[in-house]
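J.: This is start.cif (mmCIF, C-alpha atoms).
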```cif
data_run
loop_
_atom_site.label_atom_id
_atom_site.label_comp_id
_atom_site.auth_asym_id
_atom_site.auth_seq_id
_atom_site.Cartn_x
_atom_site.Cartn_y
_atom_site.Cartn_z
CA MET A 9 -0.69 20.54 14.59
CA ILE A 10 -1.92 20.26 11.00
CA THR A 11 -0.40 17.39 9.03
CA GLU A 12 -0.30 17.67 5.27
CA SER A 13 -2.48 15.29 3.31
CA THR A 14 -0.06 13.10 1.40
CA ALA A 15 -2.05 11.14 -1.17
CA LEU A 16 0.73 9.49 -3.15
CA THR A 17 2.92 8.30 -0.28
CA ALA A 18 -0.21 7.20 1.62
CA LEU A 19 -1.30 5.03 -1.31
CA ALA A 20 2.22 3.68 -1.92
CA GLY A 21 2.79 3.00 1.77
CA GLY A 22 -0.58 1.24 1.96
CA ALA A 23 0.33 -0.88 -1.06
CA LEU A 24 3.59 -1.85 0.65
CA ILE A 25 1.64 -2.95 3.73
CA GLY A 26 -0.49 -5.06 1.39
CA VAL A 27 2.62 -6.57 -0.22
CA ALA A 28 3.85 -7.57 3.25
CA ALA A 29 0.49 -9.13 4.13
CA VAL A 30 0.44 -11.12 0.87
CA MET A 31 4.07 -12.21 1.33
CA LEU A 32 3.38 -13.48 4.86
CA MET A 33 0.31 -15.45 3.76
CA GLY A 34 1.86 -16.78 0.55
CA LEU A 35 5.14 -17.81 2.11
CA THR A 36 4.28 -18.85 5.68
CA GLY A 37 0.48 -19.16 5.57
CA ARG A 38 -0.04 -16.64 8.36
CA ILE A 39 -2.19 -13.54 8.75
CA ALA A 40 -0.24 -10.28 9.13
CA GLY A 41 -2.20 -9.22 12.20
CA VAL A 42 0.24 -7.39 14.43
CA SER A 43 -1.77 -7.78 17.66
CA GLY A 44 -2.17 -11.51 17.08
CA ILE A 45 1.54 -11.85 16.39
CA ALA A 46 2.34 -9.84 19.53
CA ALA A 47 -0.07 -11.94 21.61
CA GLN A 48 1.65 -15.13 20.54
CA MET A 49 5.06 -13.75 21.46
CA LEU A 50 3.99 -14.27 25.07
CA PRO A 51 4.29 -17.72 26.67
CA PRO A 52 3.25 -20.51 26.33
CA TRP A 53 5.44 -20.64 23.25
CA ASP A 54 4.94 -22.90 20.26
CA GLY A 55 7.35 -23.80 17.47
CA ALA A 56 6.56 -20.69 15.41
CA VAL A 57 7.50 -18.11 18.05
CA ALA A 58 10.93 -17.22 16.59
CA GLY A 59 9.27 -16.03 13.38
CA ARG A 60 6.95 -13.74 15.36
CA PHE A 61 9.88 -12.14 17.16
CA ALA A 62 11.63 -11.80 13.78
CA PHE A 63 8.58 -10.06 12.28
CA VAL A 64 8.36 -7.56 15.13
CA ALA A 65 12.14 -7.02 14.99
CA GLY A 66 11.65 -6.24 11.29
CA LEU A 67 9.08 -3.56 12.18
CA VAL A 68 11.62 -1.88 14.47
CA VAL A 69 14.50 -2.30 11.99
CA ALA A 70 12.43 -0.58 9.28
CA THR A 71 13.25 2.74 10.99
CA LEU A 72 16.95 1.91 10.70
CA VAL A 73 16.55 1.20 6.98
CA VAL A 74 14.82 4.55 6.44
CA ARG A 75 17.38 6.38 8.59
CA VAL A 76 20.30 4.88 6.67
CA THR A 77 18.84 5.37 3.18
CA THR A 78 17.28 8.83 3.56
CA GLY A 79 19.32 10.24 6.44
CA SER A 80 16.28 11.05 8.56
CA LEU A 81 13.02 9.65 9.92
CA PRO A 82 9.48 10.93 9.27
CA PRO A 83 8.10 13.01 12.16
CA LEU A 84 6.58 11.27 15.16
CA THR A 85 4.46 13.66 17.19
CA LEU A 86 2.74 12.54 20.37
CA GLU A 87 -0.21 14.48 21.78
CA ALA A 88 -0.90 12.14 24.67
CA GLY A 89 0.87 12.53 28.02
CA PRO A 90 2.28 9.60 29.99
CA ILE A 91 -0.97 8.70 31.78
CA ALA A 92 -3.00 8.78 28.56
CA LEU A 93 -0.30 6.72 26.83
CA VAL A 94 -0.47 4.00 29.48
CA ALA A 95 -4.28 3.96 29.39
CA ALA A 96 -4.24 3.89 25.59
CA GLY A 97 -1.70 1.06 25.53
CA LEU A 98 -3.71 -1.07 27.95
CA LEU A 99 -6.94 -0.51 25.98
CA VAL A 100 -5.32 -1.09 22.57
CA GLY A 101 -3.65 -4.31 23.72
CA PHE A 102 -6.66 -5.67 25.56
CA GLY A 103 -9.22 -4.69 22.93
CA ALA A 104 -7.21 -6.02 20.00
CA VAL A 105 -6.76 -9.47 21.49
CA TRP A 106 -10.28 -9.61 22.96
CA GLY A 107 -11.69 -8.73 19.54
CA ASN A 108 -9.30 -11.02 17.65
CA GLY A 109 -7.52 -8.34 15.68
CA CYS A 110 -6.49 -4.76 15.14
CA THR A 111 -6.04 -2.35 12.25
CA SER A 112 -3.85 -4.83 10.34
CA GLY A 113 -5.59 -8.13 11.13
CA HIS A 114 -9.20 -6.93 10.77
CA GLY A 115 -8.71 -3.66 8.88
CA VAL A 116 -6.41 -4.96 6.15
CA CYS A 117 -6.29 -8.79 6.01
CA GLY A 118 -9.85 -9.33 7.26
CA ILE A 119 -11.50 -6.82 4.95
CA ALA A 120 -9.40 -8.12 2.04
CA SER A 121 -10.75 -11.61 2.84
CA LEU A 122 -14.27 -10.11 2.86
CA SER A 123 -14.79 -11.45 6.38
CA PRO A 124 -18.05 -10.13 7.90
CA ARG A 125 -16.50 -10.26 11.40
CA SER A 126 -13.61 -8.09 10.31
CA ILE A 127 -15.85 -5.60 8.53
CA VAL A 128 -17.98 -5.28 11.69
CA ALA A 129 -14.85 -5.03 13.87
CA THR A 130 -13.33 -2.32 11.66
CA LEU A 131 -16.53 -0.26 11.64
CA VAL A 132 -16.79 -0.56 15.44
CA PHE A 133 -13.20 0.49 16.20
CA MET A 134 -13.34 3.32 13.64
CA ALA A 135 -16.51 4.62 15.33
CA THR A 136 -15.16 4.51 18.90
CA ALA A 137 -11.80 5.94 17.80
CA VAL A 138 -13.52 8.89 16.07
CA ALA A 139 -15.74 9.46 19.13
CA THR A 140 -12.75 9.31 21.50
CA THR A 141 -10.68 11.71 19.40
CA PHE A 142 -13.62 14.12 19.36
CA LEU A 143 -13.98 13.95 23.15
CA VAL A 144 -10.26 14.38 23.78
CA ARG A 145 -9.72 17.21 21.30
CA HIS A 146 -12.95 19.18 21.50
CA VAL A 147 -14.72 18.40 24.77
CA MET A 148 -12.12 17.69 27.47
CA MET B 9 14.63 -19.65 6.44
CA THR B 10 11.05 -18.91 7.51
CA VAL B 11 12.37 -16.79 10.37
CA LEU B 12 14.48 -14.72 7.96
CA ILE B 13 11.46 -14.34 5.65
CA GLN B 14 9.33 -13.12 8.56
CA PHE B 15 12.05 -10.60 9.49
CA ILE B 16 12.06 -9.26 5.91
CA VAL B 17 8.25 -9.14 5.79
CA GLY B 18 8.36 -7.18 9.06
CA ILE B 19 10.74 -4.67 7.47
CA VAL B 20 8.48 -4.30 4.39
CA PHE B 21 5.43 -3.85 6.63
CA GLY B 22 7.30 -1.28 8.72
CA LEU B 23 8.48 0.61 5.62
CA GLY B 24 4.85 0.74 4.49
CA LEU B 25 3.77 2.23 7.81
CA LEU B 26 6.60 4.80 7.73
CA LEU B 27 6.07 5.78 4.08
CA SER B 28 2.29 6.07 4.50
CA GLY B 29 2.56 8.31 7.56
CA MET B 30 0.61 5.82 9.70
CA SER B 31 3.57 5.69 12.10
CA ASN B 32 2.93 9.30 13.15
CA PRO B 33 0.22 9.36 15.87
CA GLU B 34 -0.52 13.02 15.07
CA LYS B 35 -1.41 12.11 11.49
CA VAL B 36 -3.69 9.29 12.62
CA LEU B 37 -5.49 11.59 15.08
CA ASN B 38 -5.87 14.22 12.36
CA PHE B 39 -7.69 11.58 10.31
CA LEU B 40 -9.89 10.44 13.20
CA ASP B 41 -10.78 14.07 14.04
CA LEU B 42 -13.80 14.40 11.77
CA ALA B 43 -14.75 17.71 13.43
CA ALA B 44 -11.67 19.15 11.72
CA ILE B 45 -13.35 18.73 8.31
CA ARG B 46 -15.08 22.08 8.90
CA THR B 47 -11.96 23.85 10.11
CA GLY B 48 -9.67 22.52 7.40
CA GLY B 49 -7.32 20.48 9.59
CA TRP B 50 -8.66 17.08 8.57
CA ASP B 51 -6.10 14.70 7.03
CA PRO B 52 -7.83 12.12 4.79
CA SER B 53 -4.59 10.24 3.97
CA LEU B 54 -5.48 7.21 6.08
CA ILE B 55 -8.31 6.29 3.71
CA LEU B 56 -5.73 5.96 0.93
CA VAL B 57 -3.46 3.87 3.16
CA MET B 58 -6.39 1.51 3.73
CA ALA B 59 -7.33 1.54 0.05
CA GLY B 60 -3.77 0.70 -1.02
CA ALA B 61 -3.35 -2.02 1.58
CA VAL B 62 -6.76 -3.65 1.11
CA GLY B 63 -6.52 -3.42 -2.70
CA VAL B 64 -3.15 -5.15 -2.91
CA THR B 65 -4.09 -7.75 -0.27
CA LEU B 66 -7.44 -8.51 -1.94
CA ALA B 67 -5.72 -9.21 -5.26
CA GLY B 68 -2.73 -10.95 -3.67
CA PHE B 69 -4.79 -13.29 -1.47
CA ARG B 70 -6.67 -14.48 -4.56
CA LEU B 71 -3.40 -15.56 -6.15
CA VAL B 72 -2.09 -17.06 -2.90
CA PHE B 73 -5.20 -19.16 -2.21
CA ARG B 74 -5.03 -20.78 -5.64
CA ARG B 75 -2.39 -22.97 -4.05
CA GLN B 76 -3.20 -25.74 -1.60
CA ARG B 77 -0.64 -24.54 0.91
CA PRO B 78 1.89 -21.71 1.43
CA LEU B 79 5.29 -21.92 -0.29
CA LEU B 80 7.21 -22.48 2.97
CA GLY B 81 4.56 -23.96 5.26
CA ASP B 82 2.30 -26.97 5.59
CA ARG B 83 -1.04 -25.12 5.76
CA PHE B 84 -2.75 -21.73 5.82
CA HIS B 85 -3.43 -20.60 9.40
CA LEU B 86 -6.75 -18.88 8.88
CA PRO B 87 -8.92 -17.25 11.54
CA PRO B 88 -11.89 -19.15 13.00
CA PRO B 89 -15.07 -19.39 10.91
CA PRO B 90 -17.04 -16.14 10.84
CA THR B 91 -19.30 -15.99 13.86
CA LEU B 92 -20.64 -12.75 15.22
CA ASP B 93 -20.38 -13.04 18.99
CA TRP B 94 -20.26 -10.35 21.67
CA ARG B 95 -16.47 -10.35 21.70
CA ILE B 96 -16.34 -9.11 18.14
CA ALA B 97 -18.18 -5.95 19.16
CA THR B 98 -16.71 -5.28 22.60
CA GLY B 99 -13.05 -5.97 21.73
CA PRO B 100 -12.90 -3.55 18.80
CA ALA B 101 -14.89 -0.93 20.78
CA VAL B 102 -12.23 -0.99 23.53
CA PHE B 103 -9.45 -1.05 20.95
CA GLY B 104 -10.90 2.02 19.20
CA ILE B 105 -11.06 4.00 22.45
CA GLY B 106 -7.37 3.33 23.05
CA TRP B 107 -6.51 4.11 19.43
CA GLY B 108 -8.39 7.41 19.60
CA LEU B 109 -6.72 8.35 22.90
CA ALA B 110 -3.16 8.29 21.57
CA GLY B 111 -3.34 7.63 17.82
CA ILE B 112 -1.19 4.49 18.11
CA CYS B 113 -2.14 0.94 17.10
CA PRO B 114 0.06 -2.17 17.45
CA GLY B 115 2.01 -2.06 14.14
CA PRO B 116 3.02 1.60 14.40
CA ALA B 117 3.78 1.09 18.12
CA PHE B 118 6.51 -1.43 17.31
CA VAL B 119 7.81 0.69 14.43
CA ALA B 120 7.97 3.70 16.75
CA LEU B 121 10.24 1.74 19.11
CA GLY B 122 12.92 2.39 16.49
CA TYR B 123 12.70 6.11 17.33
CA GLY B 124 14.10 5.37 20.78
CA SER B 125 11.53 7.46 22.63
CA PRO B 126 10.82 6.46 26.27
CA ALA B 127 7.15 7.47 25.82
CA ILE B 128 6.75 4.80 23.13
CA VAL B 129 8.38 2.18 25.35
CA LEU B 130 5.79 3.10 28.00
CA PHE B 131 2.98 2.60 25.47
CA VAL B 132 4.35 -0.75 24.23
CA VAL B 133 4.79 -2.10 27.78
CA ALA B 134 1.20 -1.10 28.62
CA MET B 135 0.01 -2.67 25.36
CA MET B 136 1.73 -5.98 26.14
CA ILE B 137 0.14 -5.96 29.62
CA GLY B 138 -3.26 -5.38 28.01
CA ILE B 139 -2.60 -8.21 25.56
CA ALA B 140 -1.56 -10.57 28.37
CA ALA B 141 -4.70 -9.67 30.35
CA ALA B 142 -6.97 -10.40 27.39
CA ARG B 143 -5.21 -13.71 26.71
CA MET B 144 -5.56 -14.72 30.34
CA LEU B 145 -9.23 -13.81 30.46
CA ALA B 146 -9.92 -15.60 27.18
CA SER B 147 -8.15 -18.75 28.36
CA ARG B 148 -10.54 -18.95 31.31
CA GLN B 149 -13.33 -19.47 28.82
CA PRO B 150 -12.28 -22.70 27.13
CA SER B 151 -14.84 -22.30 24.35
CA LEU B 152 -13.18 -19.06 23.33
CA THR B 153 -9.49 -19.99 23.39
CA ALA B 154 -9.72 -21.45 19.93
CA ALA B 155 -10.60 -17.95 18.74
CA LEU B 156 -7.26 -16.44 19.73
CA PRO B 157 -5.78 -14.58 16.76
CA GLU B 158 -3.00 -16.27 14.81
#
```
Produce structure tokens that represent the structure in this file.

T.:
Amino acid sequence: MITESTALTALAGGALIGVAAVMLMGLTGRIAGVSGIAAQMLPPWDGAVAGRFAFVAGLVVATLVVRVTTGSLPPLTLEAGPIALVAAGLLVGFGAVWGNGCTSGHGVCGIASLSPRSIVATLVFMATAVATTFLVRHVM
Amino acid sequence: MTVLIQFIVGIVFGLGLLLSGMSNPEKVLNFLDLAAIRTGGWDPSLILVMAGAVGVTLAGFRLVFRRQRPLLGDRFHLPPPPTLDWRIATGPAVFGIGWGLAGICPGPAFVALGYGSPAIVLFVVAMMIGIAAARMLASRQPSLTAALPE
């Protein structure tokens, strides 16, 4: 299904993600890397675990905020079936923690810190994601 | 106090993902599908999401790091010094394959839980199993545990 290119909301939404990343670093001194935060929600727990659960709860509650203020939620369309979803989840979780970050940790915070590791990581996951999408949509 | 702040930051982050369209897997896949450039179905929005996020963070981090420590914490928890080891290539490669398969990465996955769809719960459970597996494997290599993301 074709999705409309939405330049203004994309830029504004991106800026909001940046605001959140800056807030987290400025206030608590932590990187807004969602996979890292998720990884440290698992035991063994340290003293900062409540804040990680609170952050992830905030991500979920954001949908409630949008639902209450606008009366609806933006579309969420899934192409992948259950088996692909499980495979994708396993790979995303494993790869993000094995590579020390995901789209937020490497792609936003890391690039903004001009970290060579994060720039390499972002280029690598962009490349394999593009290749995988091509295979799934046009070859298989 | 810090916990409340992190909850609010989570909401702001989630609103950013929802507003930008990043929370819709279809939109992400339509960006990753470069072959659709020829056919007209390509959605370049994600570049602008990245530009907005990186731009604000780049400027914001400069201001933040002028201080010795964060407003509510004792120190900045920064990632390990930049080394290019094999994990930094293999991890993201695996991550990208999973991302390209379904169009979902960790932030949008948690946001999507708010939609109440069982399919998303399935994805998040699988993702947490993948995360646990990587943590376990990394902890078997003592030299690498220090490199766990914060």

J.: Could you tell me which of A:Met31, A:Ala18, A:Ile45, A:Ala23 comes closest to Gly101 of chain A if we count only C-alpha atoms?

T.: A:Ile45

J.: Could you give me, as a list in words, the residues that have an atom at most 10 Å away from the point (-12.8, 2.4, 11.7) in the coordinates of the file, using all atoms listed in the file?

T.: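 Residues satisfying the cut-off, written out: Thr111, Gly115, Ile127, Val128, Ala129, Thr130, Leu131, Val132, Phe133, Met134, Ala135, Thr136, Ala137 and Val138 of chain A; Leu40, Ile55, Pro100, Ala101 and Gly104 of chain B.
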
J.: Can you measure atom CA of Ala62 of chain A to atom CA of Val11 of chain B for me? One decimal in Å is fine.

T.: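 Between atom CA of Ala62 of chain A and atom CA of Val11 of chain B the gap is 6.1 Å.
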
J.: May I ask for the distance between atom CA of Met9 of chain B and atom CA of Gly44 of chain A, given in Å to one decimal place?

T.: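 We find that atom CA of Met9 of chain B and atom CA of Gly44 of chain A lie 21.5 Å from each other.
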
J.: Between B:Leu25, B:Ala110, B:Leu12, B:Leu42, which residue has the minimum interatomic distance to Leu80 of chain B, considering only C-alpha atoms?

T.: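 Nearest to Leu80 of chain B: B:Leu12.
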
J.: Provide the atom CA of Leu145 of chain B to atom CA of Ala46 of chain A distance in Å, to one decimal place.

T.: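 Separation of atom CA of Leu145 of chain B and atom CA of Ala46 of chain A: 16.4 Å.
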
J.: Taking the file as shown, what set of residues would the PyMOL selection byres ((chain B and resi 20) around 12) give back, as a PyMOL selection string?

T.: (chain A and resi 20-32+40+63-71+73-74) or (chain B and resi 13-19+21-27+115+119)

J.: Within 12 Å of Gly108 of chain B, counting all atoms listed in the file, which residues qualify if same-chain residues fewer than 4 places away don't, as a VMD selection string?

T.: (chain A and resid 87 to 88 92 to 93 95 to 97 99 to 100 133 to 145) or (chain B and resid 33 to 42 100 to 104 112 to 113)

J.: Quick one: of B:Val62, B:Ala44, B:Val129, B:Ala67, who's nearest to chain A, counting all atoms listed in the file?

T.: B:Val62

J.: When distances are computed from all atoms listed in the file, which of B:Ala97, B:Leu86, B:Met58, B:Leu66 shows the smallest separation from Arg125 of chain A?

T.: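 Nearest to Arg125 of chain A: B:Ala97.
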
J.: Could segment 60-75 of chain A be written out with N, CA and C atoms, as a PDB file, in the first residue's frame, please?

T.:
```pdb
ATOM      1  N   ARG A  60      13.812   2.935  33.580  1.00  0.00           N
ATOM      2  CA  ARG A  60      13.727   2.299  32.251  1.00  0.00           C
ATOM      3  C   ARG A  60      12.306   1.799  31.987  1.00  0.00           C
ATOM      4  N   PHE A  61      11.711   1.185  32.994  1.00  0.00           N
ATOM      5  CA  PHE A  61      10.319   0.750  32.850  1.00  0.00           C
ATOM      6  C   PHE A  61       9.414   1.962  32.615  1.00  0.00           C
ATOM      7  N   ALA A  62       9.702   3.067  33.323  1.00  0.00           N
ATOM      8  CA  ALA A  62       8.898   4.280  33.178  1.00  0.00           C
ATOM      9  C   ALA A  62       9.014   4.830  31.760  1.00  0.00           C
ATOM     10  N   PHE A  63      10.233   4.817  31.194  1.00  0.00           N
ATOM     11  CA  PHE A  63      10.444   5.306  29.831  1.00  0.00           C
ATOM     12  C   PHE A  63       9.633   4.483  28.831  1.00  0.00           C
ATOM     13  N   VAL A  64       9.720   3.165  28.952  1.00  0.00           N
ATOM     14  CA  VAL A  64       8.994   2.295  28.023  1.00  0.00           C
ATOM     15  C   VAL A  64       7.477   2.441  28.222  1.00  0.00           C
ATOM     16  N   ALA A  65       7.055   2.593  29.486  1.00  0.00           N
ATOM     17  CA  ALA A  65       5.627   2.840  29.741  1.00  0.00           C
ATOM     18  C   ALA A  65       5.205   4.135  29.045  1.00  0.00           C
ATOM     19  N   GLY A  66       6.074   5.137  29.067  1.00  0.00           N
ATOM     20  CA  GLY A  66       5.789   6.402  28.386  1.00  0.00           C
ATOM     21  C   GLY A  66       5.587   6.205  26.890  1.00  0.00           C
ATOM     22  N   LEU A  67       6.410   5.345  26.283  1.00  0.00           N
ATOM     23  CA  LEU A  67       6.259   5.050  24.847  1.00  0.00           C
ATOM     24  C   LEU A  67       4.858   4.505  24.564  1.00  0.00           C
ATOM     25  N   VAL A  68       4.405   3.584  25.418  1.00  0.00           N
ATOM     26  CA  VAL A  68       3.088   2.972  25.216  1.00  0.00           C
ATOM     27  C   VAL A  68       1.984   4.009  25.466  1.00  0.00           C
ATOM     28  N   VAL A  69       2.158   4.804  26.519  1.00  0.00           N
ATOM     29  CA  VAL A  69       1.139   5.789  26.909  1.00  0.00           C
ATOM     30  C   VAL A  69       0.997   6.894  25.855  1.00  0.00           C
ATOM     31  N   ALA A  70       2.045   7.114  25.063  1.00  0.00           N
ATOM     32  CA  ALA A  70       1.970   8.132  24.005  1.00  0.00           C
ATOM     33  C   ALA A  70       0.761   7.884  23.096  1.00  0.00           C
ATOM     34  N   THR A  71       0.434   6.613  22.844  1.00  0.00           N
ATOM     35  CA  THR A  71      -0.724   6.315  21.993  1.00  0.00           C
ATOM     36  C   THR A  71      -2.017   6.783  22.665  1.00  0.00           C
ATOM     37  N   LEU A  72      -2.044   6.650  23.997  1.00  0.00           N
ATOM     38  CA  LEU A  72      -3.227   7.088  24.750  1.00  0.00           C
ATOM     39  C   LEU A  72      -3.380   8.607  24.644  1.00  0.00           C
ATOM     40  N   VAL A  73      -2.255   9.309  24.751  1.00  0.00           N
ATOM     41  CA  VAL A  73      -2.267  10.775  24.658  1.00  0.00           C
ATOM     42  C   VAL A  73      -2.818  11.199  23.296  1.00  0.00           C
ATOM     43  N   VAL A  74      -2.332  10.546  22.236  1.00  0.00           N
ATOM     44  CA  VAL A  74      -2.791  10.894  20.887  1.00  0.00           C
ATOM     45  C   VAL A  74      -4.267  10.550  20.717  1.00  0.00           C
ATOM     46  N   ARG A  75      -4.659   9.384  21.250  1.00  0.00           N
ATOM     47  CA  ARG A  75      -6.051   8.953  21.123  1.00  0.00           C
ATOM     48  C   ARG A  75      -6.999   9.933  21.825  1.00  0.00           C
TER      49      ARG A  75
END
```
